[in-house]
Amino acid sequence: MTTKHETYYVPAQSAWPIIGAIGLFLIAFGAGSYVQQLSTEQSSGGYILIAGIAVILFMLFGWFKNVIDESMAGMYSAQMDRSFRQGMSWFIFSEIMFFGAFFGALFYARMIAIPWLGGASNNAMTHEVLWPTFEAIWPLVTTPDGTTTEAMPWTGLPLINTLILVTSSVTLHFAHVGLDKAKRTQLIVWLAITILLGSGFLFLQVEEYAHAYNEMGLTLESGIYGNTFFLLTGFHGLHVTLGTVFLMILFLRVLKGHFTPEKQFAFQAGSWYWHFVDVVWLCLFIFVYII
Amino acid sequence: MSTMTHEQTTDHEHHDEHHGAPKGLMRWVLTTNHKDIGSLYLWFSFLMFLTGGAMAMVIRAELFQPGLQLVEPNFFNQMTTVHGLIMVFGAVMPAFTGLANWLIPMMIGAPDMALPRMNNWSFWILPFAFSLLIGSLFMEGGGPNFGWTFYAPLSTTYSPDTTALFVFAVHIMGISSIMGAINVIVTIVNMRAPGMTWMKLPLFVWTWLITAFLLIAVMPVLAGAVTMVLTDKFFGTSFFDAAGGGDPVMFQHIFWFFGHPEVYIMILPSFGIISAIVPAFSRKPLFGYASMVYATASIAILSFLVWAHHMFTTGMPVFAELFFMYCTMLIAVPTGVKVFNWVATMWRGAMTFETPMLFSLAFIILFTIGGFSGLMLAITPADFQYHDTYFVVAHFHYVLVSGAVFSIMAAAYYWLPKWTGYMYDETLGKWHFWCSVVSVNILFFPMHFLGLAGMPRRIPDYAIQFADVNQIVSIGGFAFGLSQLIFLYLVIKCVRGGDKAPAKPWEGSEGLEWTIASPAPYHSFTTPPEVK
C-alpha cells in the first residue's frame, strides 16, 4: 500500500550544510567589513569575502556532486523528485518577491514620492518650502538637489538584449523538447546556443553600464532614477550570471549523459529559473526602459 | 571529501531501519534528523531568549528611575534595538521553527522533513548570523542603535558603520528563514501519510503551512529593504532621501510590507498550539475546526493589506488612512472566530489545569487584551495620540510575550514528555506559570497608562511624573526575567530524568505523535501509518 513512502530517502549525516553556514558567515562578515572599509586604506574585508565565496563554491560543488551521485545511484523516488520540484518553485517565488521590493520602490518613487515633491496632492507647501524649482518628471534626470544625468533610451542595446533573452528562452525550450524526446543532438545544440545567448546578454549589459558611466553620467549616485535602474538591472544581471552558470553545469551533465526524459529535475529547475529571469527582464524592459 | 561522502551514502544503505542517534558533538553539527535539528532550534532560541532578556533587564534597570544612571543613551538605544532583533529573529521565530521540526513530521506521519540537509543548513546559519549581530555591539562605533525597525534616515544617515554587518546578518537570517519555510511547505504538501487529507491535518500543521507561505513572501522584501539601506549608506544611492528623489516614508512602506505579515508569522503557529492543547485538557474535540483553518487563511491574506497602520502619522492621504484602518479592523473578525472557538471548546468540557493548559488559558486572555489594544491603535484619529508611546510597547508585548512566548511555553510543557520520555516536574511548572503570569502583567499592564499619559518609547530618560509607574514596571520586569530561570531548571531536570512518560501522557490529546513511544524514536515513521 505504501511503497512510495517506504523508499523515501533520508540522507545520512552531511558536512556540507555546516560548510555552507561557515561560507555564508564569511561572506556576511567579509562583505560587511569590506563595505565599511571602502573609504579607508584597509582591505581585509575583501579577502574574507573572497574566502567566503570560495567556501560556498566548494560547498555547492560538493553538495551537488553528492546529490547527483545519489540521484544517479537511483536512490530518489518520484516523491523525492516532487519535493525537489516544489522546493525549486517556492525558491523562485521568493525571488519574485525580492524583485518585487525593488519594483515597489520604483513604482512608489514614480507614482508618489516624485509627484509629491513636485507639489501634487496636498503637497504644495512641501514643494514651495523644500525645492521650489524642482520639476516632477520621469525619468528623473534632475534631482531635487540638482544632480543631473541622462535617461537610458530603450532602443539600441536594451532592445537587442531583450531580443537576445527572449530568443534564449525559446532556444532553451527547444533543448527541453529535445530532452523530452530523447534527441540528444537537438538537446546539446540548443542548450549550447542558449548559453551563448546568455553570455552575449551579459556582455552587452557590461557595455551598457560602461556607456552609462562613461558617456551619459548615469551612475549609482544619480538619484532615484539611477538607483532603481542599476539595482534592478544589476540584480537581474546577477541572476542571469547565475542562470548561465547553472546552464553550463547542465550542459556538462548532458555531455556525460545524465538526463533522461523521465529523470530530469535539475534540467527542469534550470529551465524554470531561466524562464523566470527572462520574465523579470520583460518587466524591467517595460517599466524601467520604455514607460 | 568525495570518497568520504561516498562512504557515508553506502554506509547508510546498510543501516538498520531503526538505528539510533550517532554519538558525540558532531552528531549535532552534521545531523539531518528533524528531531535533532528541532532540539537545536529550541535550545538556540532559549539561549537567545535569555540574551535578549538580559538586554531588557538593562533597559528596565535604566528606566527604574528618571535621569541617566547606568548606561549612555547611545548604548540604551543599542539595547532596545538588539533586544527587539534578538527576540523577533532569534527567540520567537527559531522556537516556532524548532517546534515545526520536531512536530510536523510526527503529526503527518512522515519519516523526516522533506529536505533534511537543507534543514541542517537553515539552522546552522543562525548562530553565525547572531554572533555577527551581537558582535557588532563590541565593535568601534557600537552596534545597531536605530530600533529593530531601522527606519531611514536613522539607519542610513545617522547610523554607525557597523550597520553593514547588521545588513548582512539580516540577509543570512532571511536565507535561513526562507529555506526553513520551503522545507515546511514541501514536507506538508508532499509527505503526509496515506489518508491524512487536508482537512484532517492538525491545526498546528495548518497554521505552520500558512506561516511558511508568509515567510517566503515577505523575507525577500526585508532583504530588499536592508539592501537599499546598505546602498543608501555606503554607495551614494538615495532611495530614502528626498534630495535625490527618494522618500524616507518609502522605507516604512517597504519595511512594514514585510513587518506586518511578520507579526502574524510570530502568532499563527501559536494559534495552532493553543488549538491542540485546549481540546486535550477540555477532553472535547476542537470546536469549529474548518472555521479555524479559514480564519487562519483570512488573517494571512489580510496581513498583506494592513501594513500602513504602522504609519498613520506619516502624512498619508486620508483615503489611505481610512483604507488601512478598516482593513486592520477586519482582522478582528477571524481572530474573534478563533477566540470564540477556543472558549466554545472549553464549554462544558471536563477540564483539568496542568501547566500547558494554564499557559494556554493565560494566552487566550492576555492575547485577547493585546488584540483589543491593537484595535484601539487601529483607529486612525486615536492613533495620533498613542503613536510611538508606551501604549504601543504594551500592546505588542501583550501579543508577543503573553501571546507568542506563552504559547511556546505551553507547547514545551505539552510535548516535553514526548521529546524527553520523562514527565516534567508539575509543581515547578505551576510555580513557573504563576510567577510568569503575575509578573508579566505587572510588567506590561501599567505601560498602557504610561503610554496614554504620553510617555514616548525608546528613551533612556523620562519626565518625573512617570517615575512611580516605571518602578512598578521594572520590578515586574525583573520578576519575569527571574521566573524564566525556573523554566530553564525545569527543562534541564526533565531532560535528565524523572517519572517515565507513557506514549500518551495526556488523557485527552489526539494526533499521530501520541501513537509512538515516549521518547519518540530517532526515526518515527519509517513506514507511514494509515490515517482513517
# chains A, B, ... in the order shown; residues from 1 in each chain; ligands from 1

call {"tool": "residues_around", "arguments": {"residues": "Cys283 in chain A", "least_positions_apart": "5", "cutoff": "12 Å", "atoms": "only C-alpha atoms", "output": "list in words"}}
result
Ile96, Phe99, Gly100, Phe102, Phe103, Leu106, Thr162, Leu232, Thr233, His236, Phe276, Val277, Asp278, Val288, Tyr289, Ile290 and Ile291 of chain A

call {"tool": "residues_around", "arguments": {"residues": "range 31-33 of chain A", "least_positions_apart": "2", "cutoff": "6 Å", "atoms": "only C-alpha atoms", "output": "PyMOL selection string"}}
result
(chain A and resi 27-29+35-36+45+49) or (chain B and resi 164-165)

call {"tool": "closest_residue", "arguments": {"among": "B:Val531, B:Lys500, B:Met107, B:Trp121", "to": "Trp63 in chain A", "atoms": "only C-alpha atoms"}}
result
B:Trp121

call {"tool": "closest_residue", "arguments": {"among": "B:Phe46, B:Phe396, B:Tyr151, B:Phe239", "to": "Glu221 in chain A", "atoms": "only C-alpha atoms"}}
result
B:Phe239

call {"tool": "residues_around", "arguments": {"residues": "Lys263 in chain A", "least_positions_apart": "3", "cutoff": "12 Å", "atoms": "only C-alpha atoms", "output": "list in words"}}
result
Ile68, Ser71, Met72, Gly74, Tyr76, Ser77, Ala78, Met80, Asp81, Arg82, Arg85, Leu179, Asp180, Ala182, Gly257, His258, Phe259, Thr260, Ala266, Phe267, Gln268 and Ala269 of chain A

call {"tool": "write_last_selection", "arguments": {"atoms": "C-alpha atoms", "output": "short mmCIF file (atom, residue, chain, number, x, y, z; two decimals), in the first residue's frame"}}
result
data_model
loop_
_atom_site.label_atom_id
_atom_site.label_comp_id
_atom_site.auth_asym_id
_atom_site.auth_seq_id
_atom_site.Cartn_x
_atom_site.Cartn_y
_atom_site.Cartn_z
CA ILE A 68 23.94 13.87 -8.34
CA SER A 71 20.37 10.52 -7.98
CA MET A 72 22.42 8.51 -10.48
CA GLY A 74 18.74 5.60 -8.17
CA TYR A 76 15.46 9.06 -5.29
CA SER A 77 11.83 8.13 -5.65
CA ALA A 78 9.17 10.00 -7.59
CA MET A 80 11.58 12.89 -3.69
CA ASP A 81 11.53 14.34 -7.19
CA ARG A 82 8.29 16.17 -6.34
CA ARG A 85 10.40 20.48 -7.79
CA LEU A 179 15.47 16.09 -23.92
CA ASP A 180 11.84 15.01 -23.62
CA ALA A 182 15.49 11.84 -26.17
CA GLY A 257 24.60 11.60 -20.45
CA HIS A 258 22.91 12.40 -17.16
CA PHE A 259 19.33 13.23 -18.03
CA THR A 260 16.55 11.07 -19.39
CA ALA A 266 17.91 19.58 -12.46
CA PHE A 267 17.27 20.41 -16.09
CA GLN A 268 13.69 21.36 -15.29
CA ALA A 269 14.88 23.57 -12.42
#

call {"tool": "residues_around", "arguments": {"residues": "Val401 in chain B", "least_positions_apart": "5", "cutoff": "9 Å", "atoms": "only C-alpha atoms", "output": "PyMOL selection string"}}
result
chain B and resi 367+396+406-407+440

call {"tool": "residues_around", "arguments": {"residues": "Met111 in chain A", "least_positions_apart": "5", "cutoff": "12 Å", "atoms": "only C-alpha atoms", "output": "PyMOL selection string"}}
result
(chain A and resi 103-106+116-118+120-121+136-139) or (chain B and resi 245-247+250)

call {"tool": "closest_residue", "arguments": {"among": "B:Phe138, B:Ile188, B:Pro127, B:Ala404", "to": "Phe75 in chain B", "atoms": "only C-alpha atoms"}}
result
B:Phe138

call {"tool": "atom_distance", "arguments": {"atom1": "CA of Trp272 in chain A", "atom2": "CA of Met248 in chain A"}}
result
14.9 Å

call {"tool": "select_by_dssp", "arguments": {"residues": "range 39-90 of chain A", "states": "alpha helix (DSSP H)", "output": "compact mmCIF listing (two decimals) with C-alpha atoms, in the first residue's frame"}}
result
# COMPACT_ATOMS: atom_id res chain seq x y z
CA SER A 44 40.91 42.70 4.94
CA GLY A 45 37.13 42.51 4.40
CA GLY A 46 37.54 41.91 0.69
CA TYR A 47 39.78 38.89 1.30
CA ILE A 48 37.35 37.41 3.82
CA LEU A 49 34.54 37.93 1.32
CA ILE A 50 36.50 36.13 -1.41
CA ALA A 51 37.32 33.32 1.01
CA GLY A 52 33.61 33.04 1.84
CA ILE A 53 32.65 32.84 -1.83
CA ALA A 54 35.31 30.17 -2.34
CA VAL A 55 33.93 28.14 0.57
CA ILE A 56 30.39 28.45 -0.84
CA LEU A 57 31.55 27.35 -4.30
CA PHE A 58 33.36 24.39 -2.74
CA MET A 59 30.22 23.57 -0.76
CA LEU A 60 27.93 23.85 -3.80
CA PHE A 61 30.27 21.67 -5.84
CA GLY A 62 30.49 19.01 -3.15
CA TRP A 63 26.83 19.10 -2.17
CA PHE A 64 25.60 18.89 -5.77
CA LYS A 65 28.11 16.14 -6.52
CA ASN A 66 26.70 14.27 -3.56
CA VAL A 67 23.12 14.77 -4.73
CA ILE A 68 23.94 13.87 -8.34
CA ASP A 69 25.71 10.69 -7.20
CA GLU A 70 22.70 9.74 -5.12
CA SER A 71 20.37 10.52 -7.98
CA MET A 72 22.42 8.51 -10.48
CA ALA A 78 9.17 10.00 -7.59
CA GLN A 79 8.09 11.55 -4.31
CA MET A 80 11.58 12.89 -3.69
CA ASP A 81 11.53 14.34 -7.19
CA ARG A 82 8.29 16.17 -6.34
CA SER A 83 9.90 17.54 -3.17
CA PHE A 84 12.75 18.98 -5.22
CA ARG A 85 10.40 20.48 -7.79
CA GLN A 86 8.18 22.08 -5.19
CA GLY A 87 11.21 23.38 -3.33
CA MET A 88 12.53 25.00 -6.52
CA SER A 89 9.15 26.56 -7.30
CA TRP A 90 8.94 28.16 -3.86

call {"tool": "closest_residue", "arguments": {"among": "A:Gly237, A:Ser39, A:Leu24, A:Val129", "to": "Met173 in chain B", "atoms": "only C-alpha atoms"}}
result
A:Leu24

call {"tool": "closest_residue", "arguments": {"among": "B:Cys327, B:Lys430, B:Met316, B:Leu222", "to": "Asn122 in chain A", "atoms": "only C-alpha atoms"}}
result
B:Met316

call {"tool": "closest_residue", "arguments": {"among": "B:Phe128, B:Phe384, B:Ser45, B:Leu230", "to": "Gly23 in chain A", "atoms": "only C-alpha atoms"}}
result
B:Phe128

call {"tool": "atom_distance", "arguments": {"atom1": "CA of His239 in chain A", "atom2": "CA of Arg117 in chain B"}}
result
24.2 Å

call {"tool": "residues_around", "arguments": {"residues": "Tyr213 in chain A", "least_positions_apart": "3", "cutoff": "12 Å", "atoms": "only C-alpha atoms", "output": "number ranges by chain"}}
result
A: 149-152, 206-210, 216-222, 226, 230

call {"tool": "write_last_selection", "arguments": {"atoms": "C-alpha atoms", "output": "PDB file, in the first residue's frame"}}
result
ATOM      1  CA  THR A 149      22.010  62.759 -15.540  1.00  0.00           C
ATOM      2  CA  GLU A 150      20.687  61.295 -18.781  1.00  0.00           C
ATOM      3  CA  ALA A 151      17.966  58.705 -19.211  1.00  0.00           C
ATOM      4  CA  MET A 152      18.848  55.382 -20.821  1.00  0.00           C
ATOM      5  CA  VAL A 206      28.502  45.378 -19.338  1.00  0.00           C
ATOM      6  CA  GLU A 207      28.793  47.542 -22.466  1.00  0.00           C
ATOM      7  CA  GLU A 208      25.620  49.354 -21.484  1.00  0.00           C
ATOM      8  CA  TYR A 209      26.893  50.012 -17.961  1.00  0.00           C
ATOM      9  CA  ALA A 210      30.196  51.325 -19.294  1.00  0.00           C
ATOM     10  CA  MET A 216      25.904  59.511 -20.056  1.00  0.00           C
ATOM     11  CA  GLY A 217      26.813  60.359 -16.468  1.00  0.00           C
ATOM     12  CA  LEU A 218      24.212  57.851 -15.332  1.00  0.00           C
ATOM     13  CA  THR A 219      25.635  56.288 -12.146  1.00  0.00           C
ATOM     14  CA  LEU A 220      24.534  54.713  -8.906  1.00  0.00           C
ATOM     15  CA  GLU A 221      24.650  58.205  -7.369  1.00  0.00           C
ATOM     16  CA  SER A 222      22.349  59.855  -9.937  1.00  0.00           C
ATOM     17  CA  GLY A 226      19.873  55.783 -11.435  1.00  0.00           C
ATOM     18  CA  PHE A 230      21.149  49.995 -11.515  1.00  0.00           C
TER      19      PHE A 230
END
